[in-house]
Structures are given as structure tokens and as C-alpha cells.
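The next block is my_file-v7.pdb, given as PDB, C-alpha atoms and all ligand atoms.
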ATOM      1  CA  MET A  19      69.153  14.632 -26.715  1.00  0.00           C
ATOM      2  CA  SER A  20      65.735  16.328 -26.673  1.00  0.00           C
ATOM      3  CA  GLU A  21      63.051  15.554 -24.092  1.00  0.00           C
ATOM      4  CA  PRO A  22      60.956  12.386 -24.742  1.00  0.00           C
ATOM      5  CA  LEU A  23      57.612  12.899 -26.452  1.00  0.00           C
ATOM      6  CA  ARG A  24      54.626  12.580 -24.146  1.00  0.00           C
ATOM      7  CA  ILE A  25      51.234  11.941 -25.710  1.00  0.00           C
ATOM      8  CA  GLY A  26      47.983  12.316 -23.789  1.00  0.00           C
ATOM      9  CA  LEU A  27      45.417   9.644 -24.724  1.00  0.00           C
ATOM     10  CA  VAL A  28      41.953  10.655 -23.535  1.00  0.00           C
ATOM     11  CA  SER A  29      38.974   8.357 -23.974  1.00  0.00           C
ATOM     12  CA  ILE A  30      35.745  10.270 -23.419  1.00  0.00           C
ATOM     13  CA  SER A  31      32.844   7.861 -22.983  1.00  0.00           C
ATOM     14  CA  ASP A  32      30.055   7.632 -20.402  1.00  0.00           C
ATOM     15  CA  ARG A  33      29.690   3.884 -20.810  1.00  0.00           C
ATOM     16  CA  ALA A  34      33.362   2.927 -20.977  1.00  0.00           C
ATOM     17  CA  SER A  35      34.133   5.066 -17.922  1.00  0.00           C
ATOM     18  CA  ASP A  36      31.285   3.555 -15.831  1.00  0.00           C
ATOM     19  CA  GLY A  37      32.223  -0.003 -16.862  1.00  0.00           C
ATOM     20  CA  THR A  38      29.172  -0.729 -19.063  1.00  0.00           C
ATOM     21  CA  TYR A  39      31.660  -1.744 -21.707  1.00  0.00           C
ATOM     22  CA  ARG A  40      35.414  -2.152 -21.851  1.00  0.00           C
ATOM     23  CA  ASP A  41      37.213   0.910 -23.137  1.00  0.00           C
ATOM     24  CA  GLN A  42      38.605   0.248 -26.590  1.00  0.00           C
ATOM     25  CA  GLY A  43      39.630   3.840 -27.258  1.00  0.00           C
ATOM     26  CA  ILE A  44      42.923   3.980 -25.359  1.00  0.00           C
ATOM     27  CA  PRO A  45      44.043   0.496 -26.535  1.00  0.00           C
ATOM     28  CA  ALA A  46      43.294   1.485 -30.167  1.00  0.00           C
ATOM     29  CA  LEU A  47      45.272   4.720 -29.800  1.00  0.00           C
ATOM     30  CA  GLU A  48      48.200   2.914 -28.153  1.00  0.00           C
ATOM     31  CA  ASP A  49      48.170   0.185 -30.755  1.00  0.00           C
ATOM     32  CA  TRP A  50      48.231   2.586 -33.707  1.00  0.00           C
ATOM     33  CA  LEU A  51      50.851   4.912 -32.210  1.00  0.00           C
ATOM     34  CA  GLY A  52      52.993   1.892 -31.273  1.00  0.00           C
ATOM     35  CA  LYS A  53      53.091   0.932 -34.954  1.00  0.00           C
ATOM     36  CA  ALA A  54      53.374   4.443 -36.366  1.00  0.00           C
ATOM     37  CA  LEU A  55      56.053   6.092 -34.203  1.00  0.00           C
ATOM     38  CA  SER A  56      59.697   5.133 -34.560  1.00  0.00           C
ATOM     39  CA  SER A  57      61.028   7.757 -32.119  1.00  0.00           C
ATOM     40  CA  PRO A  58      60.548   7.253 -28.342  1.00  0.00           C
ATOM     41  CA  TRP A  59      57.277   8.305 -26.698  1.00  0.00           C
ATOM     42  CA  GLN A  60      55.299   7.820 -23.506  1.00  0.00           C
ATOM     43  CA  ALA A  61      51.525   7.670 -23.075  1.00  0.00           C
ATOM     44  CA  VAL A  62      49.626   9.576 -20.378  1.00  0.00           C
ATOM     45  CA  GLU A  63      46.169   8.008 -20.248  1.00  0.00           C
ATOM     46  CA  ARG A  64      42.801   9.251 -19.016  1.00  0.00           C
ATOM     47  CA  LEU A  65      39.364   7.574 -19.250  1.00  0.00           C
ATOM     48  CA  ILE A  66      36.587  10.035 -18.408  1.00  0.00           C
ATOM     49  CA  PRO A  67      32.817  10.535 -18.892  1.00  0.00           C
ATOM     50  CA  ASP A  68      31.267  13.115 -21.226  1.00  0.00           C
ATOM     51  CA  GLU A  69      31.338  15.935 -18.649  1.00  0.00           C
ATOM     52  CA  ARG A  70      32.471  19.247 -20.090  1.00  0.00           C
ATOM     53  CA  PRO A  71      34.221  20.698 -16.981  1.00  0.00           C
ATOM     54  CA  LEU A  72      36.094  17.418 -16.443  1.00  0.00           C
ATOM     55  CA  ILE A  73      37.138  17.245 -20.103  1.00  0.00           C
ATOM     56  CA  GLU A  74      38.425  20.835 -19.929  1.00  0.00           C
ATOM     57  CA  ARG A  75      40.352  20.155 -16.701  1.00  0.00           C
ATOM     58  CA  THR A  76      41.845  16.963 -18.111  1.00  0.00           C
ATOM     59  CA  LEU A  77      43.008  18.591 -21.357  1.00  0.00           C
ATOM     60  CA  ALA A  78      44.490  21.581 -19.491  1.00  0.00           C
ATOM     61  CA  GLU A  79      46.294  19.317 -17.024  1.00  0.00           C
ATOM     62  CA  LEU A  80      47.821  17.187 -19.786  1.00  0.00           C
ATOM     63  CA  ALA A  81      48.981  20.257 -21.718  1.00  0.00           C
ATOM     64  CA  ASP A  82      50.154  22.404 -18.792  1.00  0.00           C
ATOM     65  CA  HIS A  83      51.402  19.966 -16.136  1.00  0.00           C
ATOM     66  CA  ALA A  84      51.913  16.494 -17.635  1.00  0.00           C
ATOM     67  CA  GLY A  85      54.261  17.783 -20.354  1.00  0.00           C
ATOM     68  CA  CYS A  86      52.251  16.487 -23.315  1.00  0.00           C
ATOM     69  CA  SER A  87      53.140  17.907 -26.747  1.00  0.00           C
ATOM     70  CA  LEU A  88      50.210  16.055 -28.295  1.00  0.00           C
ATOM     71  CA  VAL A  89      46.823  15.028 -26.869  1.00  0.00           C
ATOM     72  CA  LEU A  90      44.478  12.754 -28.817  1.00  0.00           C
ATOM     73  CA  THR A  91      40.899  12.472 -27.586  1.00  0.00           C
ATOM     74  CA  THR A  92      38.406   9.873 -28.734  1.00  0.00           C
ATOM     75  CA  GLY A  93      34.631  10.146 -28.335  1.00  0.00           C
ATOM     76  CA  GLY A  94      31.962  12.732 -27.725  1.00  0.00           C
ATOM     77  CA  THR A  95      32.140  14.568 -31.056  1.00  0.00           C
ATOM     78  CA  GLY A  96      28.660  13.710 -32.348  1.00  0.00           C
ATOM     79  CA  PRO A  97      25.342  15.557 -32.146  1.00  0.00           C
ATOM     80  CA  SER A  98      23.891  13.847 -29.012  1.00  0.00           C
ATOM     81  CA  PRO A  99      23.158  16.086 -26.019  1.00  0.00           C
ATOM     82  CA  ARG A 100      26.009  14.475 -23.997  1.00  0.00           C
ATOM     83  CA  ASP A 101      28.593  14.925 -26.808  1.00  0.00           C
ATOM     84  CA  VAL A 102      30.590  18.009 -25.728  1.00  0.00           C
ATOM     85  CA  THR A 103      34.218  17.171 -26.556  1.00  0.00           C
ATOM     86  CA  PRO A 104      34.561  19.870 -29.271  1.00  0.00           C
ATOM     87  CA  GLU A 105      33.122  22.576 -26.981  1.00  0.00           C
ATOM     88  CA  ALA A 106      35.519  21.604 -24.161  1.00  0.00           C
ATOM     89  CA  THR A 107      38.471  21.485 -26.577  1.00  0.00           C
ATOM     90  CA  LEU A 108      37.735  24.909 -28.070  1.00  0.00           C
ATOM     91  CA  ALA A 109      37.302  26.335 -24.568  1.00  0.00           C
ATOM     92  CA  VAL A 110      40.857  25.363 -23.540  1.00  0.00           C
ATOM     93  CA  GLY A 111      42.545  26.210 -26.858  1.00  0.00           C
ATOM     94  CA  ASP A 112      44.614  29.318 -27.593  1.00  0.00           C
ATOM     95  CA  LYS A 113      44.335  28.777 -31.337  1.00  0.00           C
ATOM     96  CA  GLU A 114      42.007  26.681 -33.445  1.00  0.00           C
ATOM     97  CA  MET A 115      43.545  24.472 -36.163  1.00  0.00           C
ATOM     98  CA  PRO A 116      40.517  23.936 -38.420  1.00  0.00           C
ATOM     99  CA  GLY A 117      42.346  21.923 -41.090  1.00  0.00           C
ATOM    100  CA  PHE A 118      42.475  18.813 -38.894  1.00  0.00           C
ATOM    101  CA  GLY A 119      38.705  18.576 -38.415  1.00  0.00           C
ATOM    102  CA  GLU A 120      37.984  19.412 -42.042  1.00  0.00           C
ATOM    103  CA  GLU A 121      40.417  16.794 -43.302  1.00  0.00           C
ATOM    104  CA  MET A 122      39.238  14.087 -40.869  1.00  0.00           C
ATOM    105  CA  ARG A 123      35.670  14.483 -42.045  1.00  0.00           C
ATOM    106  CA  ARG A 124      36.827  14.206 -45.680  1.00  0.00           C
ATOM    107  CA  ILE A 125      38.843  11.069 -44.891  1.00  0.00           C
ATOM    108  CA  SER A 126      36.017   9.543 -42.862  1.00  0.00           C
ATOM    109  CA  LEU A 127      33.510  10.011 -45.687  1.00  0.00           C
ATOM    110  CA  ASN A 128      35.458   7.275 -47.486  1.00  0.00           C
ATOM    111  CA  PHE A 129      34.335   4.913 -44.693  1.00  0.00           C
ATOM    112  CA  VAL A 130      30.903   6.097 -43.467  1.00  0.00           C
ATOM    113  CA  PRO A 131      28.338   8.608 -44.747  1.00  0.00           C
ATOM    114  CA  THR A 132      27.731   9.653 -41.129  1.00  0.00           C
ATOM    115  CA  ALA A 133      31.243  11.177 -41.006  1.00  0.00           C
ATOM    116  CA  ILE A 134      29.593  14.586 -41.344  1.00  0.00           C
ATOM    117  CA  LEU A 135      28.059  14.032 -37.885  1.00  0.00           C
ATOM    118  CA  SER A 136      31.459  14.331 -36.225  1.00  0.00           C
ATOM    119  CA  ARG A 137      32.128  17.906 -35.049  1.00  0.00           C
ATOM    120  CA  GLN A 138      35.765  17.137 -34.215  1.00  0.00           C
ATOM    121  CA  VAL A 139      38.186  20.067 -33.806  1.00  0.00           C
ATOM    122  CA  ALA A 140      41.873  20.618 -33.053  1.00  0.00           C
ATOM    123  CA  VAL A 141      43.546  23.386 -31.063  1.00  0.00           C
ATOM    124  CA  ILE A 142      46.919  24.531 -29.814  1.00  0.00           C
ATOM    125  CA  ARG A 143      47.211  25.164 -26.084  1.00  0.00           C
ATOM    126  CA  GLY A 144      50.647  26.532 -25.193  1.00  0.00           C
ATOM    127  CA  ARG A 145      53.083  24.004 -26.672  1.00  0.00           C
ATOM    128  CA  CYS A 146      50.518  21.231 -27.031  1.00  0.00           C
ATOM    129  CA  LEU A 147      48.436  20.166 -30.031  1.00  0.00           C
ATOM    130  CA  ILE A 148      45.044  18.708 -29.023  1.00  0.00           C
ATOM    131  CA  ILE A 149      43.084  16.743 -31.646  1.00  0.00           C
ATOM    132  CA  ASN A 150      39.613  15.191 -31.326  1.00  0.00           C
ATOM    133  CA  LEU A 151      39.013  11.808 -32.977  1.00  0.00           C
ATOM    134  CA  PRO A 152      35.555  10.172 -33.222  1.00  0.00           C
ATOM    135  CA  GLY A 153      34.489   7.567 -30.649  1.00  0.00           C
ATOM    136  CA  GLN A 154      34.255   4.468 -32.833  1.00  0.00           C
ATOM    137  CA  PRO A 155      37.524   2.643 -32.049  1.00  0.00           C
ATOM    138  CA  LYS A 156      38.060   1.808 -35.733  1.00  0.00           C
ATOM    139  CA  SER A 157      37.879   5.516 -36.621  1.00  0.00           C
ATOM    140  CA  ILE A 158      41.196   6.078 -34.821  1.00  0.00           C
ATOM    141  CA  ARG A 159      43.228   4.238 -37.417  1.00  0.00           C
ATOM    142  CA  GLU A 160      41.001   5.476 -40.238  1.00  0.00           C
ATOM    143  CA  THR A 161      41.548   9.153 -39.498  1.00  0.00           C
ATOM    144  CA  LEU A 162      45.202   9.003 -38.395  1.00  0.00           C
ATOM    145  CA  GLU A 163      46.435   6.686 -41.147  1.00  0.00           C
ATOM    146  CA  GLY A 164      44.034   7.560 -43.982  1.00  0.00           C
ATOM    147  CA  VAL A 165      42.570   5.487 -46.794  1.00  0.00           C
ATOM    148  CA  ARG A 166      44.399   2.718 -48.647  1.00  0.00           C
ATOM    149  CA  ASP A 167      43.583   0.927 -51.896  1.00  0.00           C
ATOM    150  CA  THR A 168      43.199  -2.861 -51.773  1.00  0.00           C
ATOM    151  CA  ASP A 169      46.879  -3.168 -52.769  1.00  0.00           C
ATOM    152  CA  GLY A 170      47.866  -1.081 -49.715  1.00  0.00           C
ATOM    153  CA  ALA A 171      48.734   2.104 -51.647  1.00  0.00           C
ATOM    154  CA  VAL A 172      47.702   5.296 -49.832  1.00  0.00           C
ATOM    155  CA  ARG A 173      44.688   6.890 -51.537  1.00  0.00           C
ATOM    156  CA  HIS A 174      43.941   9.654 -49.005  1.00  0.00           C
ATOM    157  CA  VAL A 175      46.706  10.649 -46.584  1.00  0.00           C
ATOM    158  CA  GLY A 176      45.811  10.464 -42.874  1.00  0.00           C
ATOM    159  CA  ILE A 177      45.975  13.552 -40.686  1.00  0.00           C
ATOM    160  CA  PHE A 178      48.934  12.238 -38.673  1.00  0.00           C
ATOM    161  CA  ALA A 179      51.164  13.101 -41.667  1.00  0.00           C
ATOM    162  CA  ALA A 180      50.946  16.754 -40.588  1.00  0.00           C
ATOM    163  CA  VAL A 181      51.308  16.213 -36.828  1.00  0.00           C
ATOM    164  CA  PRO A 182      55.140  15.949 -36.498  1.00  0.00           C
ATOM    165  CA  TYR A 183      55.773  19.241 -38.305  1.00  0.00           C
ATOM    166  CA  CYS A 184      53.046  20.955 -36.289  1.00  0.00           C
ATOM    167  CA  ILE A 185      54.783  19.769 -33.090  1.00  0.00           C
ATOM    168  CA  ASP A 186      58.120  21.100 -34.480  1.00  0.00           C
ATOM    169  CA  LEU A 187      56.521  24.491 -35.029  1.00  0.00           C
ATOM    170  CA  ILE A 188      55.224  24.744 -31.460  1.00  0.00           C
ATOM    171  CA  GLY A 189      58.597  23.785 -29.967  1.00  0.00           C
ATOM    172  CA  GLY A 190      58.042  20.091 -29.165  1.00  0.00           C
ATOM    173  CA  PRO A 191      60.280  17.045 -29.722  1.00  0.00           C
ATOM    174  CA  TYR A 192      61.182  15.897 -33.252  1.00  0.00           C
ATOM    175  CA  ILE A 193      58.859  12.982 -34.116  1.00  0.00           C
ATOM    176  CA  GLU A 194      59.860  10.219 -36.530  1.00  0.00           C
ATOM    177  CA  THR A 195      57.420   7.725 -38.022  1.00  0.00           C
ATOM    178  CA  ASP A 196      57.440   4.332 -39.720  1.00  0.00           C
ATOM    179  CA  GLU A 197      56.733   5.322 -43.313  1.00  0.00           C
ATOM    180  CA  ALA A 198      55.003   2.008 -44.009  1.00  0.00           C
ATOM    181  CA  VAL A 199      52.268   3.191 -41.596  1.00  0.00           C
ATOM    182  CA  ILE A 200      52.294   6.971 -42.076  1.00  0.00           C
ATOM    183  CA  LYS A 201      54.842   9.200 -43.802  1.00  0.00           C
ATOM    184  CA  ALA A 202      55.389  12.417 -41.871  1.00  0.00           C
ATOM    185  CA  PHE A 203      55.521  15.398 -44.208  1.00  0.00           C
ATOM    186  CA  ARG A 204      57.979  18.219 -43.504  1.00  0.00           C
ATOM    187  CA  PRO A 205      59.366  20.928 -45.765  1.00  0.00           C
ATOM    188  CA  LYS A 206      62.881  19.925 -46.940  1.00  0.00           C
ATOM    189  CA  ASN A 207      64.659  22.459 -44.722  1.00  0.00           C
ATOM    190  CA  ALA A 208      62.934  21.037 -41.609  1.00  0.00           C
ATOM    191  CA  ILE A 209      63.996  17.403 -42.158  1.00  0.00           C
ATOM    192  CA  ARG A 210      66.752  16.099 -39.836  1.00  0.00           C
ATOM    193  CA  PRO A 211      68.918  13.029 -40.533  1.00  0.00           C
ATOM    194  CA  ARG A 212      67.252   9.850 -39.250  1.00  0.00           C
ATOM    195  CA  GLN A 213      68.229   8.735 -35.734  1.00  0.00           C
ATOM    196  CA  ALA A 214      69.712   5.212 -35.651  1.00  0.00           C
TER     197      ALA A 214
HETATM  198  N1  LIG A 301      35.696   4.137 -25.380  1.00  0.00           N
HETATM  199  C1  LIG A 301      34.975   3.315 -26.174  1.00  0.00           C
HETATM  200  N2  LIG A 301      35.213   1.977 -26.175  1.00  0.00           N
HETATM  201  C2  LIG A 301      34.517   1.160 -26.989  1.00  0.00           C
HETATM  202  N3  LIG A 301      33.579   1.568 -27.840  1.00  0.00           N
HETATM  203  C3  LIG A 301      33.294   2.874 -27.883  1.00  0.00           C
HETATM  204  C4  LIG A 301      33.982   3.826 -27.035  1.00  0.00           C
HETATM  205  N4  LIG A 301      33.495   5.051 -27.271  1.00  0.00           N
HETATM  206  C5  LIG A 301      32.575   4.889 -28.209  1.00  0.00           C
HETATM  207  N5  LIG A 301      32.438   3.601 -28.577  1.00  0.00           N
HETATM  208  C6  LIG A 301      31.527   3.074 -29.599  1.00  0.00           C
HETATM  209  O1  LIG A 301      31.346   4.068 -30.606  1.00  0.00           O
HETATM  210  C7  LIG A 301      29.998   4.540 -30.612  1.00  0.00           C
HETATM  211  C8  LIG A 301      29.955   6.034 -30.893  1.00  0.00           C
HETATM  212  O2  LIG A 301      30.714   6.735 -29.924  1.00  0.00           O
HETATM  213  P1  LIG A 301      30.124   7.979 -29.094  1.00  0.00           P
HETATM  214  O3  LIG A 301      31.294   8.770 -28.612  1.00  0.00           O
HETATM  215  O4  LIG A 301      29.088   8.671 -29.923  1.00  0.00           O
HETATM  216  O5  LIG A 301      29.514   7.227 -27.862  1.00  0.00           O
HETATM  217  P2  LIG A 301      28.115   7.451 -27.185  1.00  0.00           P
HETATM  218  O6  LIG A 301      27.085   6.768 -28.040  1.00  0.00           O
HETATM  219  O7  LIG A 301      27.963   8.915 -26.875  1.00  0.00           O
HETATM  220  O8  LIG A 301      28.256   6.602 -25.859  1.00  0.00           O
HETATM  221  P3  LIG A 301      29.337   6.595 -24.689  1.00  0.00           P
HETATM  222  O9  LIG A 301      29.758   8.005 -24.396  1.00  0.00           O
HETATM  223  O10 LIG A 301      28.623   5.969 -23.553  1.00  0.00           O
HETATM  224  O11 LIG A 301      30.476   5.727 -25.189  1.00  0.00           O
HETATM  225  C9  LIG A 301      29.436   4.135 -29.242  1.00  0.00           C
HETATM  226  O12 LIG A 301      28.031   4.026 -29.272  1.00  0.00           O
HETATM  227  C10 LIG A 301      30.149   2.802 -29.003  1.00  0.00           C
HETATM  228  O13 LIG A 301      29.559   1.758 -29.734  1.00  0.00           O
HETATM  229  N1  LIG A 302      36.518   7.441 -39.654  1.00  0.00           N
HETATM  230  C1  LIG A 302      35.315   7.388 -39.059  1.00  0.00           C
HETATM  231  N2  LIG A 302      34.717   8.540 -38.738  1.00  0.00           N
HETATM  232  C2  LIG A 302      33.509   8.547 -38.141  1.00  0.00           C
HETATM  233  C3  LIG A 302      32.853   7.324 -37.836  1.00  0.00           C
HETATM  234  C4  LIG A 302      33.517   6.110 -38.199  1.00  0.00           C
HETATM  235  O1  LIG A 302      33.039   4.986 -37.964  1.00  0.00           O
HETATM  236  N3  LIG A 302      34.739   6.184 -38.807  1.00  0.00           N
HETATM  237  N4  LIG A 302      31.611   7.360 -37.236  1.00  0.00           N
HETATM  238  C5  LIG A 302      30.800   8.576 -37.412  1.00  0.00           C
HETATM  239  C6  LIG A 302      29.648   8.656 -36.544  1.00  0.00           C
HETATM  240  S1  LIG A 302      28.473   7.442 -36.755  1.00  0.00           S
HETATM  241  C7  LIG A 302      29.435   9.672 -35.638  1.00  0.00           C
HETATM  242  S2  LIG A 302      27.973   9.830 -34.788  1.00  0.00           S
HETATM  243  C8  LIG A 302      30.468  10.713 -35.464  1.00  0.00           C
HETATM  244  C9  LIG A 302      30.635  11.202 -34.035  1.00  0.00           C
HETATM  245  O2  LIG A 302      31.190  10.213 -33.225  1.00  0.00           O
HETATM  246  P1  LIG A 302      31.497  10.333 -31.681  1.00  0.00           P
HETATM  247  O3  LIG A 302      30.339  11.009 -31.020  1.00  0.00           O
HETATM  248  O4  LIG A 302      31.682   8.937 -31.308  1.00  0.00           O
HETATM  249  O5  LIG A 302      32.779  11.106 -31.493  1.00  0.00           O
HETATM  250  O6  LIG A 302      31.727  10.265 -35.979  1.00  0.00           O
HETATM  251  C10 LIG A 302      31.625   9.853 -37.288  1.00  0.00           C
HETATM  252  N5  LIG A 302      32.932   9.727 -37.834  1.00  0.00           N
END
How does the structure come out when it is put into C-alpha cells?
Amino acid sequence: MSEPLRIGLVSISDRASDGTYRDQGIPALEDWLGKALSSPWQAVERLIPDERPLIERTLAELADHAGCSLVLTTGGTGPSPRDVTPEATLAVGDKEMPGFGEEMRRISLNFVPTAILSRQVAVIRGRCLIINLPGQPKSIRETLEGVRDTDGAVRHVGIFAAVPYCIDLIGGPYIETDEAVIKAFRPKNAIRPRQA
């Protein structure tokens, strides 16, 4: 039995963290992951303002001490002066994973022309994959799950399809998904028999 998957959920928003509005980032992340993951997982949640040193400390703590194999951030990826999530993420990363940001922007262009304003990045820190998602709560599902036709068929695969194999490669727990939500892609020789 491998260790349970721990996922850091970090909502980065000045106004949600000071109570101006209710945070919808963490609930949207929890909701989507609850539907998408069929193997066991635990959330480690943080709601913080757009302060670069605090974002860096939070990401490092989740990766190094809280045992997270995956951290998903939401918010602070845009061009405004207070948006510094990508800078903080790159600062704590050992390795950049540019494909995630590139692909999220391509997916998001199916929903909004302002997708190109999101500077989202992904990095590996130790044995943890950290991915930035945009701040709009609806963008969480859009980027993770991808684009569907009106009949529900997948038109543009969401970025979460590549997350389980990435976690395999950095030595984390084997993640299984509900294929009706997102089909995890792995090379044939990396696929294990499904757990009951
Ligand atoms: N945690 C959140 N909960 C609910 N709505 C959010 C949240 N974060 C962002 N939003 C919505 O998405 C929009 C774009 O997100 P962005 O990260 O650019 O926020 P912002 O405009 O910098 O403000 P703030 O950091 O105060 O949320 C916000 O203006 C807000 O309408
Ligand atoms: N899928 C998706 N991506 C999206 C959006 C969205 O609504 N859906 N909003 C865009 C907008 S309007 C902005 S400004 C950028 C940056 O958002 P952030 O600063 O909230 O992270 O994300 C973009 N990416």
C-alpha cells in the first residue's frame, strides 16, 4: 500500500483572503478533484493574499513539509501589479514544466479571448508538481478537464490528463481517475491494474 496522495490547494486572492468576498477557489478545486479522482487523496488548504514572499513560503512548506505530491494554485496569474503567482512559483521551482502553461492557455482560448493574459506556469520542486490555474473559479474545471462538445465528447483534453504520469515520474503515489471526467494518459508499460 503506497502513501496516500496529498494535494495542496492554494487560493491566492487579496479580496477572498480579507473577506471582501467568499473564496470560491478552494471549493471549486475540491469539487472538481472529488469528481475526477478515484484513488484516495487528502487536501491541504491555504487561502492567502497576493504577497510574493508568503506565496513562496506556502508553496515550499506544502512541497517540503506537508508531503504534497501536487499543489494547485488559483489566482494571481494576470498582468495586474499585485499578480505575482508565476514569479513566486518559478522562484521555488527546481525545474520548469512549460507545457502545462502553454496547454492551459490554448485550452482557455476556447472559453475566453483574454486567456492570453494568464501567465500561469508549472514547476517541479523536489517530489512535488506545482501548477498555477487562473483565478476565475470556473477556469479551474475548464483547464483541468478541457473542452467538451455539446454532446459531452472531449474536444480538447484538459491538462490533468498528464498529471498522474508526471507524479509517477517524480516518485509520488499512483493516481487513478474517473475516465468520465478526465482520462489519465500513461504509456502502456506504466499502467497498473485498476484497484478495486
Ligand atoms: N478566490 C476567489 N474566489 C472567488 N472569486 C475569485 C477568486 N479569485 C478570483 N476571483 C474572481 O476572478 C477574477 C480574476 O481573478 P484575479 O486573480 O485576477 O483576482 P484579482 O482581480 O487580482 O483580485 P483578488 O486578488 O482580490 O481576488 C476576480 O476579479 C474575481 O472576480
Ligand atoms: N479557462 C479560463 N482561463 C482564463 C480565464 C477564464 O475565465 N477561463 N480568465 C482569463 C483572464 S480574464 C485573466 S486576467 C487571466 C489571469 O487570471 P488571474 O489573474 O485570475 O489568475 O486568466 C485568464 N484565463
Residues within 7 Å of Gly96 of chain A, only C-alpha atoms, excluding chain neighbours under 3 positions, as a PyMOL selection string: chain A and resi 101+135-137
Nearby residues (all atoms listed in the file) at most 9 Å from Glu197 of chain A, same-chain spacing under 4 positions excluded, as a list in words: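 Near neighbours after the sequence-gap exclusion: Ala54, Lys201 and Ala202 of chain A.
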For atom CA of Arg145 of chain A and atom CA of Ile193 of chain A, quote the distance in Å rounded to one decimal. 14.5 Å
Distance limit 8 Å, reference ligand LIG 301 (chain A), atoms considered: all atoms listed in the file. Which residues make the cut? Give them as a list in words. Ser29, Ile30, Ser31, Asp32, Arg33, Ala34, Ser35, Tyr39, Arg40, Asp41, Gln42, Gly43, Ile44, Leu65, Pro67, Asp68, Thr92, Gly93, Gly94, Thr95, Gly96, Ser98, Arg100, Asp101, Pro152, Gly153, Gln154 and Pro155 of chain A
Between A:Pro182, A:Pro191, A:Gly26, A:Gly164, which one has atoms that come closest to His83 of chain A, using all atoms listed in the file? A:Gly26
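Interatomic distance, atom CA of Val62 of chain A to atom CA of Val165 of chain A: 27.6 Å.
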Can you sort out the box for ligand LIG 302 (chain A), edges along x, y and z, all listed atoms in, 5 Å on every side, with centre and edge lengths in Å to one decimal, as lines of an AutoDock Vina configuration file?
center_x = 32.2
center_y = 8.1
center_z = -35.3
size_x = 18.5
size_y = 16.2
size_z = 18.6
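Going from atom CA of Met122 of chain A over to atom CA of Thr161 of chain A, you cover 5.6 Å.
Residues in contact range of Ile73 of chain A, defined as at most 9 Å between only C-alpha atoms, with sequence neighbours fewer than 3 positions away removed, read Val28, Ile30, Ile66, Pro67, Asp68, Glu69, Arg70, Thr76, Leu77, Ala78, Val102, Thr103, Ala106 and Thr107 of chain A.
Minimum distance to ligand LIG 302 (chain A) across A:Phe118, A:Trp59, A:Phe129, A:Trp50 (counting only C-alpha atoms and all ligand atoms) occurs at A:Phe129.
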Using only C-alpha atoms and all ligand atoms, the best pick from A:Ile149, A:Val199, A:Ile188, A:Ile134 as closest to ligand LIG 302 (chain A) would be A:Ile134
Pick from A:Lys53, A:Arg124, A:Arg210, A:Arg166 nearest to ligand LIG 302 (chain A), counting only C-alpha atoms and all ligand atoms: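 The closest residue to ligand LIG 302 (chain A) is A:Arg124.
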Running the PyMOL selection byres (((chain A and resi 171-176) around 8) and not hetatm) on this model by hand, what would come out? Give it as an mmCIF file with C-alpha atoms, in the frame of the given file.
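Saved to result_23.cif:
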data_model
loop_
_atom_site.group_PDB
_atom_site.id
_atom_site.type_symbol
_atom_site.label_atom_id
_atom_site.label_comp_id
_atom_site.auth_asym_id
_atom_site.auth_seq_id
_atom_site.Cartn_x
_atom_site.Cartn_y
_atom_site.Cartn_z
ATOM 1 C CA MET A 122 39.238 14.087 -40.869
ATOM 2 C CA ILE A 125 38.843 11.069 -44.891
ATOM 3 C CA GLU A 160 41.001 5.476 -40.238
ATOM 4 C CA THR A 161 41.548 9.153 -39.498
ATOM 5 C CA LEU A 162 45.202 9.003 -38.395
ATOM 6 C CA GLU A 163 46.435 6.686 -41.147
ATOM 7 C CA GLY A 164 44.034 7.560 -43.982
ATOM 8 C CA VAL A 165 42.570 5.487 -46.794
ATOM 9 C CA ARG A 166 44.399 2.718 -48.647
ATOM 10 C CA ASP A 167 43.583 0.927 -51.896
ATOM 11 C CA THR A 168 43.199 -2.861 -51.773
ATOM 12 C CA ASP A 169 46.879 -3.168 -52.769
ATOM 13 C CA GLY A 170 47.866 -1.081 -49.715
ATOM 14 C CA ILE A 177 45.975 13.552 -40.686
ATOM 15 C CA PHE A 178 48.934 12.238 -38.673
ATOM 16 C CA ALA A 179 51.164 13.101 -41.667
ATOM 17 C CA ILE A 200 52.294 6.971 -42.076
#
Residues returned when the PyMOL selection byres (((chain A and resi 57) around 7) and not hetatm) runs on this file, as number ranges by chain: A: 55-56, 58-59, 193-195
Would you kindly return, as a PyMOL selection string, each protein, DNA or RNA residue with an atom no farther than 12 Å from any atom of Val110 of chain A, considering all atoms listed in the file and excluding same-chain residues fewer than 6 positions away? chain A and resi 70-82+103-104+139-144+146-148
When distances are computed from all atoms listed in the file, which of A:Pro99, A:Tyr192, A:Val181, A:Thr91 shows the smallest separation from Gln138 of chain A? A:Thr91
Mind completing segment 89-99 of chain A with N, CA and C atoms? Output as a short mmCIF file (atom, residue, chain, number, x, y, z; two decimals), in the frame of the given file, please?
data_model
loop_
_atom_site.label_atom_id
_atom_site.label_comp_id
_atom_site.auth_asym_id
_atom_site.auth_seq_id
_atom_site.Cartn_x
_atom_site.Cartn_y
_atom_site.Cartn_z
N VAL A 89 47.91 15.73 -27.57
CA VAL A 89 46.82 15.03 -26.87
C VAL A 89 45.82 14.58 -27.92
N LEU A 90 45.50 13.28 -27.92
CA LEU A 90 44.48 12.75 -28.82
C LEU A 90 43.29 12.34 -27.97
N THR A 91 42.11 12.90 -28.28
CA THR A 91 40.90 12.47 -27.59
C THR A 91 40.14 11.54 -28.51
N THR A 92 39.33 10.67 -27.93
CA THR A 92 38.41 9.87 -28.73
C THR A 92 37.04 9.88 -28.05
N GLY A 93 36.00 10.18 -28.85
CA GLY A 93 34.63 10.15 -28.34
C GLY A 93 34.04 11.52 -28.07
N GLY A 94 32.70 11.53 -28.11
CA GLY A 94 31.96 12.73 -27.72
C GLY A 94 31.95 13.85 -28.75
N THR A 95 32.12 13.50 -30.04
CA THR A 95 32.14 14.57 -31.06
C THR A 95 30.83 14.68 -31.82
N GLY A 96 29.90 13.78 -31.55
CA GLY A 96 28.66 13.71 -32.35
C GLY A 96 27.63 14.74 -31.92
N PRO A 97 26.39 14.58 -32.42
CA PRO A 97 25.34 15.56 -32.15
C PRO A 97 24.52 15.31 -30.88
N SER A 98 24.73 14.16 -30.18
CA SER A 98 23.89 13.85 -29.01
C SER A 98 24.08 14.90 -27.91
N PRO A 99 23.05 15.06 -27.07
CA PRO A 99 23.16 16.09 -26.02
C PRO A 99 24.41 15.93 -25.14
#
